[in-house]
Amino acid sequence: MLVKDYHGEPISRLGMGNMRLPTVGTGFGAPIDYEKAGEIIDYAMKHGITYFDTAYIYAGSEAFLGTVFPKYDRSKFKIATKYMASANPDYKAVFEEQLKRLNTDYIDFYLLHGIMTEETVKSYLETGAVEYFMEQKEKGRIKNLGFSSHAPLPLLEKMADHHKWDFAQIQLNYLDWIMQDAKGQYEALTKRGIPVVVMEPVRGGRLASLTPEIDAMLKAAHPDWSIASWAFRWLCRLDNVQVILSGMSTMEQIEDNVATFDNMEPLSDADAALLEQAADQFRNSISVPCTGCRYCCDDCPMQIDIPKVMAAYNRVKLDGMMGMMALGQLNPGPAACVGCGSCQSHCPQGIQVPKIMTELADMMKPRKRP
Ligand code: SF4
Ligand code: SF4
């Protein structure tokens with residue numbers, strides 16, 4: 001198992017994410033399948049994974065891990081968990097509960113969870129939470145203090161500059177490097193000497209298979225590599241990446257990931273160039289090339305904010321439900337389109353806007369349950 005030094009201690013570069021553990025039944029709130037999830041954790045421990053990530057708000061995850069961890073030497077693995085102010089503002093009570101749930105006296109990597117907006121930043125920086133967690137660090141109950149972020153770059157920098165953080169967790173993969181400015185975020189943290197823990201390295205599974213043509217292109221270069229492994233190999237080129245988290249919910253996933261990190265061949269420069277080409281092709285195949293010029297907007301009889309709809313369309317293609325939520329906030333939305341075609345005649349990118357409006361309006365229609 002590939003390891004990376006962290007202040008003189010080796011930590012596995014592959015981290016076990018525990019948000020998507022196998023469940024009994026399906027649907028939101030389905031309970032964790034202790035037997036199947038236990039087999040996955042056992043496999044992880046036996047194959048050298050030493051970093052286990054969870055959170056107060058991952059349903060049942062901390063309590064489940066608390067039943068498994070006592071089987072193992074506590075000094076040989078790291079627990080990472082998170083506090084989310086919006087879930088419970090009583091940070092002292094939450095921290096005590098987490099220690100109990102996880103059956104431990106200390107947390108190795110503790111995170112303020114999900115920086116996204118000014119409000120989330122305030123909920124940690126202006127409530128005494130950071131000071132309290134710093135006290136816990138002085139007492140040895142927290143070993144490293146950091147934060148996780150989905151925030152835009154200026155807010156991430158504000159957070160990063162507020163405090164001497166030990167690490168930070170961001171969404172980072174070869175697609176978001178350009179599409180979500182993960183490059184800027186990684187560089188901002190690196191410049192400040194903050195090690196990076198990566199979440200969503202395969203974008204919730206989206207990068208485990210691209211398109212048949214692109215997959216074939218990558219397979220032709222390395223027939224033995226899974227498509228998902230390209231994403232891990234790309235991340236291993238980044239020196240300031242400490243841990244790469246993967247939410248592994250089947251034995252097949254963990255076996256593939258462990259095999260990748262056991263025999264890690266990072267991408268060569270030629271491989272990296274090929275992957276960049278693959279990422280470009282993938283982006284073009286799933287998104288419309290709207291530049292936000294707004295040439296189409298003035299003559300829209302329905303006053304639809306067309307570039308916002310195009311941006312939401314791209315998110316729908318990439319993120320599914322998250323994109324649909326962005327779309328649902330637009331008023332007027334795609335359903336208001338009368339198909340006049342004025343926008344299309346103004347669009348320098350040749351985007352077939354009315355067709356996309358129809359596609360989105362159809363997707364947004366409530367479906368009858370069978
Ligand atoms: S086709 Fe739809 S989006 Fe385009 S200008 Fe007409 S009403 Fe607006
Ligand atoms: S004219 Fe085309 S590229 Fe410009 S904002 Fe409208 S849809 Fe986007």
# chains A, B, ... in the order shown; residues from 1 in each chain; ligands from 1
call {"tool": "select_by_dssp", "arguments": {"residues": "stretch 108-180 of chain A", "states": "alpha helix (DSSP H)", "output": "count of residues only"}}
result
32
call {"tool": "residues_around", "arguments": {"residues": "stretch 176-185 of chain A", "least_positions_apart": "6", "cutoff": "10 Å", "atoms": "only C-alpha atoms", "output": "PyMOL selection string"}}
result
chain A and resi 149-154+156-157+170+191+196+200-201+203+279-280+283
call {"tool": "write_last_selection", "arguments": {"atoms": "C-alpha atoms", "output": "CSV table (one decimal), in the first residue's frame"}}
result
chain,number,residue,atom,x,y,z
A,149,SER,CA,-14.7,22.9,1.8
A,150,HIS,CA,-16.9,23.2,-1.3
A,151,ALA,CA,-16.5,27.0,-1.2
A,152,PRO,CA,-15.4,29.2,-4.1
A,153,LEU,CA,-11.7,30.2,-4.0
A,154,PRO,CA,-12.0,33.6,-2.2
A,156,LEU,CA,-11.5,29.1,0.9
A,157,GLU,CA,-8.6,31.5,1.1
A,170,ILE,CA,-11.4,19.6,-1.0
A,191,LYS,CA,1.1,27.9,-1.1
A,196,VAL,CA,-4.7,18.3,1.1
A,200,GLU,CA,-14.5,12.8,-4.7
A,201,PRO,CA,-11.4,11.6,-6.6
A,203,ARG,CA,-16.5,12.3,-8.8
A,279,ALA,CA,-11.0,14.9,-20.0
A,280,ASP,CA,-11.4,17.6,-22.8
A,283,ARG,CA,-16.3,17.7,-21.0
call {"tool": "residues_near_ligand", "arguments": {"ligand": "ligand 2", "cutoff": "8 Å", "atoms": "only C-alpha atoms and all ligand atoms", "output": "list in words"}}
result
Pro289, Cys290, Thr291, Gly292, Cys293, Arg294, Tyr295, Cys296, Cys297, Ile306, Pro307, Met310, Cys343, Gln344, His346, Cys347, Pro348, Gln349, Gly350, Ile351 and Val353 of chain A
call {"tool": "write_last_selection", "arguments": {"atoms": "N, CA and C atoms", "output": "PDB file, in the first residue's frame"}}
result
ATOM      1  N   PRO A 289     -21.062  24.428 -24.748  1.00  0.00           N
ATOM      2  CA  PRO A 289     -19.941  25.374 -24.582  1.00  0.00           C
ATOM      3  C   PRO A 289     -20.399  26.821 -24.395  1.00  0.00           C
ATOM      4  N   CYS A 290     -21.367  27.044 -23.491  1.00  0.00           N
ATOM      5  CA  CYS A 290     -21.866  28.414 -23.273  1.00  0.00           C
ATOM      6  C   CYS A 290     -20.766  29.255 -22.614  1.00  0.00           C
ATOM      7  N   THR A 291     -20.492  30.423 -23.187  1.00  0.00           N
ATOM      8  CA  THR A 291     -19.444  31.298 -22.642  1.00  0.00           C
ATOM      9  C   THR A 291     -20.018  32.367 -21.723  1.00  0.00           C
ATOM     10  N   GLY A 292     -21.360  32.407 -21.594  1.00  0.00           N
ATOM     11  CA  GLY A 292     -21.996  33.429 -20.744  1.00  0.00           C
ATOM     12  C   GLY A 292     -21.989  34.810 -21.374  1.00  0.00           C
ATOM     13  N   CYS A 293     -21.857  34.909 -22.699  1.00  0.00           N
ATOM     14  CA  CYS A 293     -21.757  36.226 -23.361  1.00  0.00           C
ATOM     15  C   CYS A 293     -23.065  37.023 -23.293  1.00  0.00           C
ATOM     16  N   ARG A 294     -24.176  36.364 -23.129  1.00  0.00           N
ATOM     17  CA  ARG A 294     -25.515  36.949 -22.987  1.00  0.00           C
ATOM     18  C   ARG A 294     -26.057  37.589 -24.271  1.00  0.00           C
ATOM     19  N   TYR A 295     -25.457  37.289 -25.431  1.00  0.00           N
ATOM     20  CA  TYR A 295     -25.990  37.829 -26.689  1.00  0.00           C
ATOM     21  C   TYR A 295     -27.425  37.361 -26.916  1.00  0.00           C
ATOM     22  N   CYS A 296     -27.771  36.229 -26.310  1.00  0.00           N
ATOM     23  CA  CYS A 296     -29.086  35.635 -26.543  1.00  0.00           C
ATOM     24  C   CYS A 296     -30.188  36.228 -25.657  1.00  0.00           C
ATOM     25  N   CYS A 297     -29.796  36.986 -24.648  1.00  0.00           N
ATOM     26  CA  CYS A 297     -30.761  37.302 -23.578  1.00  0.00           C
ATOM     27  C   CYS A 297     -31.765  38.407 -23.921  1.00  0.00           C
ATOM     28  N   ILE A 306     -30.843  32.757 -19.887  1.00  0.00           N
ATOM     29  CA  ILE A 306     -30.403  31.593 -20.675  1.00  0.00           C
ATOM     30  C   ILE A 306     -29.026  31.067 -20.233  1.00  0.00           C
ATOM     31  N   PRO A 307     -28.009  31.934 -20.047  1.00  0.00           N
ATOM     32  CA  PRO A 307     -26.711  31.358 -19.626  1.00  0.00           C
ATOM     33  C   PRO A 307     -26.777  30.624 -18.286  1.00  0.00           C
ATOM     34  N   MET A 310     -28.063  27.291 -19.108  1.00  0.00           N
ATOM     35  CA  MET A 310     -27.020  26.465 -19.742  1.00  0.00           C
ATOM     36  C   MET A 310     -26.037  25.938 -18.683  1.00  0.00           C
ATOM     37  N   CYS A 343     -32.955  33.116 -29.516  1.00  0.00           N
ATOM     38  CA  CYS A 343     -31.667  32.917 -28.833  1.00  0.00           C
ATOM     39  C   CYS A 343     -30.678  32.190 -29.730  1.00  0.00           C
ATOM     40  N   GLN A 344     -31.162  31.158 -30.387  1.00  0.00           N
ATOM     41  CA  GLN A 344     -30.261  30.332 -31.190  1.00  0.00           C
ATOM     42  C   GLN A 344     -29.649  31.144 -32.330  1.00  0.00           C
ATOM     43  N   HIS A 346     -28.832  34.155 -32.245  1.00  0.00           N
ATOM     44  CA  HIS A 346     -27.831  35.092 -31.720  1.00  0.00           C
ATOM     45  C   HIS A 346     -26.593  34.392 -31.153  1.00  0.00           C
ATOM     46  N   CYS A 347     -26.649  33.076 -31.021  1.00  0.00           N
ATOM     47  CA  CYS A 347     -25.600  32.395 -30.247  1.00  0.00           C
ATOM     48  C   CYS A 347     -24.359  32.114 -31.101  1.00  0.00           C
ATOM     49  N   PRO A 348     -23.217  32.750 -30.761  1.00  0.00           N
ATOM     50  CA  PRO A 348     -22.000  32.519 -31.548  1.00  0.00           C
ATOM     51  C   PRO A 348     -21.476  31.096 -31.415  1.00  0.00           C
ATOM     52  N   GLN A 349     -21.912  30.385 -30.378  1.00  0.00           N
ATOM     53  CA  GLN A 349     -21.434  29.005 -30.180  1.00  0.00           C
ATOM     54  C   GLN A 349     -22.326  27.980 -30.885  1.00  0.00           C
ATOM     55  N   GLY A 350     -23.394  28.457 -31.515  1.00  0.00           N
ATOM     56  CA  GLY A 350     -24.292  27.540 -32.230  1.00  0.00           C
ATOM     57  C   GLY A 350     -25.049  26.593 -31.308  1.00  0.00           C
ATOM     58  N   ILE A 351     -25.284  27.003 -30.082  1.00  0.00           N
ATOM     59  CA  ILE A 351     -25.964  26.099 -29.139  1.00  0.00           C
ATOM     60  C   ILE A 351     -27.455  26.040 -29.467  1.00  0.00           C
ATOM     61  N   VAL A 353     -30.354  26.135 -28.158  1.00  0.00           N
ATOM     62  CA  VAL A 353     -30.974  26.468 -26.872  1.00  0.00           C
ATOM     63  C   VAL A 353     -32.407  25.948 -26.749  1.00  0.00           C
TER      64      VAL A 353
END
call {"tool": "residues_near_ligand", "arguments": {"ligand": "ligand 1", "cutoff": "7 Å", "atoms": "only C-alpha atoms and all ligand atoms", "output": "number ranges by chain"}}
result
A: 296, 299-304, 306, 336-344, 353-354, 357
call {"tool": "atom_distance", "arguments": {"atom1": "atom CA of A:Glu118", "atom2": "atom CA of A:Asn331"}}
result
24.3 Å
call {"tool": "residues_around", "arguments": {"residues": "stretch 249-265 of chain A", "least_positions_apart": "5", "cutoff": "10 Å", "atoms": "only C-alpha atoms", "output": "MDAnalysis selection string"}}
result
chainID A and resid 1:3 12:14 16:23 36:37 39:41 43:44 47:49 225:226 228:230 232:234 236
call {"tool": "closest_atom_pairs", "arguments": {"of": "stretch 44-110 of chain A", "to": "stretch 237-247 of chain A", "cutoff": "9 Å", "atoms": "only C-alpha atoms", "output": "CSV"}}
result
residue,atom,partner,partner_atom,distance
A:Tyr51,CA,A:Val243,CA,7.8
A:Phe52,CA,A:Leu245,CA,8.5
A:Asp53,CA,A:Leu245,CA,7.7
call {"tool": "select_by_dssp", "arguments": {"residues": "stretch 23-184 of chain A", "states": "strand (DSSP E)", "output": "PyMOL selection string"}}
result
chain A and resi 51-53+78-83+107-115+142-149+167-171
call {"tool": "write_last_selection", "arguments": {"atoms": "N, CA and C atoms", "output": "PDB file, in the first residue's frame"}}
result
ATOM      1  N   TYR A  51      -6.284   5.254   7.077  1.00  0.00           N
ATOM      2  CA  TYR A  51      -7.018   6.522   7.266  1.00  0.00           C
ATOM      3  C   TYR A  51      -8.503   6.239   7.009  1.00  0.00           C
ATOM      4  N   PHE A  52      -9.340   6.503   8.023  1.00  0.00           N
ATOM      5  CA  PHE A  52     -10.775   6.203   7.954  1.00  0.00           C
ATOM      6  C   PHE A  52     -11.559   7.486   8.207  1.00  0.00           C
ATOM      7  N   ASP A  53     -12.332   7.887   7.219  1.00  0.00           N
ATOM      8  CA  ASP A  53     -13.028   9.171   7.273  1.00  0.00           C
ATOM      9  C   ASP A  53     -14.533   8.973   7.468  1.00  0.00           C
ATOM     10  N   LYS A  78      -5.762   5.892  11.625  1.00  0.00           N
ATOM     11  CA  LYS A  78      -6.204   7.258  11.914  1.00  0.00           C
ATOM     12  C   LYS A  78      -7.710   7.381  11.702  1.00  0.00           C
ATOM     13  N   ILE A  79      -8.344   8.070  12.646  1.00  0.00           N
ATOM     14  CA  ILE A  79      -9.770   8.367  12.496  1.00  0.00           C
ATOM     15  C   ILE A  79      -9.924   9.839  12.133  1.00  0.00           C
ATOM     16  N   ALA A  80     -10.674  10.077  11.061  1.00  0.00           N
ATOM     17  CA  ALA A  80     -11.030  11.459  10.695  1.00  0.00           C
ATOM     18  C   ALA A  80     -12.540  11.587  10.815  1.00  0.00           C
ATOM     19  N   THR A  81     -12.989  12.608  11.543  1.00  0.00           N
ATOM     20  CA  THR A  81     -14.429  12.871  11.549  1.00  0.00           C
ATOM     21  C   THR A  81     -14.669  14.374  11.594  1.00  0.00           C
ATOM     22  N   LYS A  82     -15.964  14.745  11.458  1.00  0.00           N
ATOM     23  CA  LYS A  82     -16.256  16.154  11.190  1.00  0.00           C
ATOM     24  C   LYS A  82     -17.406  16.662  12.053  1.00  0.00           C
ATOM     25  N   TYR A  83     -17.349  17.972  12.294  1.00  0.00           N
ATOM     26  CA  TYR A  83     -18.433  18.650  13.008  1.00  0.00           C
ATOM     27  C   TYR A  83     -19.153  19.592  12.053  1.00  0.00           C
ATOM     28  N   ILE A 107      -9.451  11.937  18.402  1.00  0.00           N
ATOM     29  CA  ILE A 107      -9.674  11.937  16.954  1.00  0.00           C
ATOM     30  C   ILE A 107      -8.371  12.408  16.311  1.00  0.00           C
ATOM     31  N   ASP A 108      -7.909  11.680  15.318  1.00  0.00           N
ATOM     32  CA  ASP A 108      -6.627  12.036  14.689  1.00  0.00           C
ATOM     33  C   ASP A 108      -6.758  13.257  13.779  1.00  0.00           C
ATOM     34  N   PHE A 109      -7.813  13.259  12.981  1.00  0.00           N
ATOM     35  CA  PHE A 109      -8.023  14.371  12.042  1.00  0.00           C
ATOM     36  C   PHE A 109      -9.461  14.868  12.220  1.00  0.00           C
ATOM     37  N   TYR A 110      -9.604  16.067  12.775  1.00  0.00           N
ATOM     38  CA  TYR A 110     -10.947  16.592  13.032  1.00  0.00           C
ATOM     39  C   TYR A 110     -11.210  17.773  12.089  1.00  0.00           C
ATOM     40  N   LEU A 111     -12.392  17.744  11.481  1.00  0.00           N
ATOM     41  CA  LEU A 111     -12.678  18.768  10.466  1.00  0.00           C
ATOM     42  C   LEU A 111     -13.935  19.566  10.784  1.00  0.00           C
ATOM     43  N   LEU A 112     -13.873  20.849  10.485  1.00  0.00           N
ATOM     44  CA  LEU A 112     -15.088  21.664  10.426  1.00  0.00           C
ATOM     45  C   LEU A 112     -15.675  21.364   9.044  1.00  0.00           C
ATOM     46  N   HIS A 113     -16.906  20.923   9.036  1.00  0.00           N
ATOM     47  CA  HIS A 113     -17.464  20.241   7.864  1.00  0.00           C
ATOM     48  C   HIS A 113     -18.158  21.190   6.887  1.00  0.00           C
ATOM     49  N   GLY A 114     -17.761  21.106   5.627  1.00  0.00           N
ATOM     50  CA  GLY A 114     -18.561  21.691   4.558  1.00  0.00           C
ATOM     51  C   GLY A 114     -18.614  23.205   4.494  1.00  0.00           C
ATOM     52  N   ILE A 115     -17.427  23.867   4.412  1.00  0.00           N
ATOM     53  CA  ILE A 115     -17.425  25.313   4.170  1.00  0.00           C
ATOM     54  C   ILE A 115     -18.003  25.549   2.775  1.00  0.00           C
ATOM     55  N   ILE A 142      -7.774  15.956  20.167  1.00  0.00           N
ATOM     56  CA  ILE A 142      -7.743  16.123  18.709  1.00  0.00           C
ATOM     57  C   ILE A 142      -6.262  16.244  18.346  1.00  0.00           C
ATOM     58  N   LYS A 143      -5.838  15.483  17.338  1.00  0.00           N
ATOM     59  CA  LYS A 143      -4.412  15.532  16.972  1.00  0.00           C
ATOM     60  C   LYS A 143      -4.152  16.565  15.873  1.00  0.00           C
ATOM     61  N   ASN A 144      -5.076  16.658  14.933  1.00  0.00           N
ATOM     62  CA  ASN A 144      -4.923  17.601  13.825  1.00  0.00           C
ATOM     63  C   ASN A 144      -6.275  18.245  13.544  1.00  0.00           C
ATOM     64  N   LEU A 145      -6.258  19.554  13.333  1.00  0.00           N
ATOM     65  CA  LEU A 145      -7.513  20.275  13.107  1.00  0.00           C
ATOM     66  C   LEU A 145      -7.521  20.867  11.692  1.00  0.00           C
ATOM     67  N   GLY A 146      -8.610  20.637  10.975  1.00  0.00           N
ATOM     68  CA  GLY A 146      -8.710  21.154   9.614  1.00  0.00           C
ATOM     69  C   GLY A 146     -10.151  21.460   9.247  1.00  0.00           C
ATOM     70  N   PHE A 147     -10.396  21.619   7.971  1.00  0.00           N
ATOM     71  CA  PHE A 147     -11.768  21.885   7.509  1.00  0.00           C
ATOM     72  C   PHE A 147     -11.963  21.258   6.144  1.00  0.00           C
ATOM     73  N   SER A 148     -13.229  20.998   5.812  1.00  0.00           N
ATOM     74  CA  SER A 148     -13.535  20.533   4.460  1.00  0.00           C
ATOM     75  C   SER A 148     -14.315  21.631   3.755  1.00  0.00           C
ATOM     76  N   SER A 149     -14.130  21.717   2.452  1.00  0.00           N
ATOM     77  CA  SER A 149     -14.684  22.876   1.750  1.00  0.00           C
ATOM     78  C   SER A 149     -15.222  22.533   0.371  1.00  0.00           C
ATOM     79  N   PHE A 167      -4.539  20.699   8.064  1.00  0.00           N
ATOM     80  CA  PHE A 167      -4.856  20.073   6.774  1.00  0.00           C
ATOM     81  C   PHE A 167      -6.196  20.620   6.305  1.00  0.00           C
ATOM     82  N   ALA A 168      -6.530  20.356   5.061  1.00  0.00           N
ATOM     83  CA  ALA A 168      -7.857  20.735   4.546  1.00  0.00           C
ATOM     84  C   ALA A 168      -8.302  19.701   3.525  1.00  0.00           C
ATOM     85  N   GLN A 169      -9.612  19.547   3.414  1.00  0.00           N
ATOM     86  CA  GLN A 169     -10.173  18.543   2.499  1.00  0.00           C
ATOM     87  C   GLN A 169     -10.971  19.249   1.403  1.00  0.00           C
ATOM     88  N   ILE A 170     -10.649  18.950   0.158  1.00  0.00           N
ATOM     89  CA  ILE A 170     -11.368  19.586  -0.958  1.00  0.00           C
ATOM     90  C   ILE A 170     -11.730  18.533  -2.012  1.00  0.00           C
ATOM     91  N   GLN A 171     -12.687  18.909  -2.867  1.00  0.00           N
ATOM     92  CA  GLN A 171     -13.053  18.045  -3.996  1.00  0.00           C
ATOM     93  C   GLN A 171     -12.025  18.251  -5.098  1.00  0.00           C
TER      94      GLN A 171
END
call {"tool": "closest_residue", "arguments": {"among": "A:Lys76, A:Leu65, A:Val94, A:Leu275", "to": "A:Leu175", "atoms": "only C-alpha atoms"}}
result
A:Leu275
call {"tool": "closest_residue", "arguments": {"among": "A:Glu119, A:Asp271, A:Glu135, A:Asp105", "to": "A:Ser86", "atoms": "only C-alpha atoms"}}
result
A:Glu119
call {"tool": "closest_residue", "arguments": {"among": "A:Leu274, A:Val309, A:Leu360, A:Ala188", "to": "A:Met217", "atoms": "only C-alpha atoms"}}
result
A:Leu274
call {"tool": "atom_distance", "arguments": {"atom1": "atom CA of A:Asp73", "atom2": "atom CA of A:Gly140"}}
result
18.2 Å
call {"tool": "closest_residue", "arguments": {"among": "A:Ala63, A:Met134, A:Thr54, A:Lys46", "to": "A:Ile32", "atoms": "only C-alpha atoms"}}
result
A:Ala63
call {"tool": "atom_distance", "arguments": {"atom1": "atom CA of A:Ile214", "atom2": "atom CA of A:Ala278"}}
result
6.1 Å
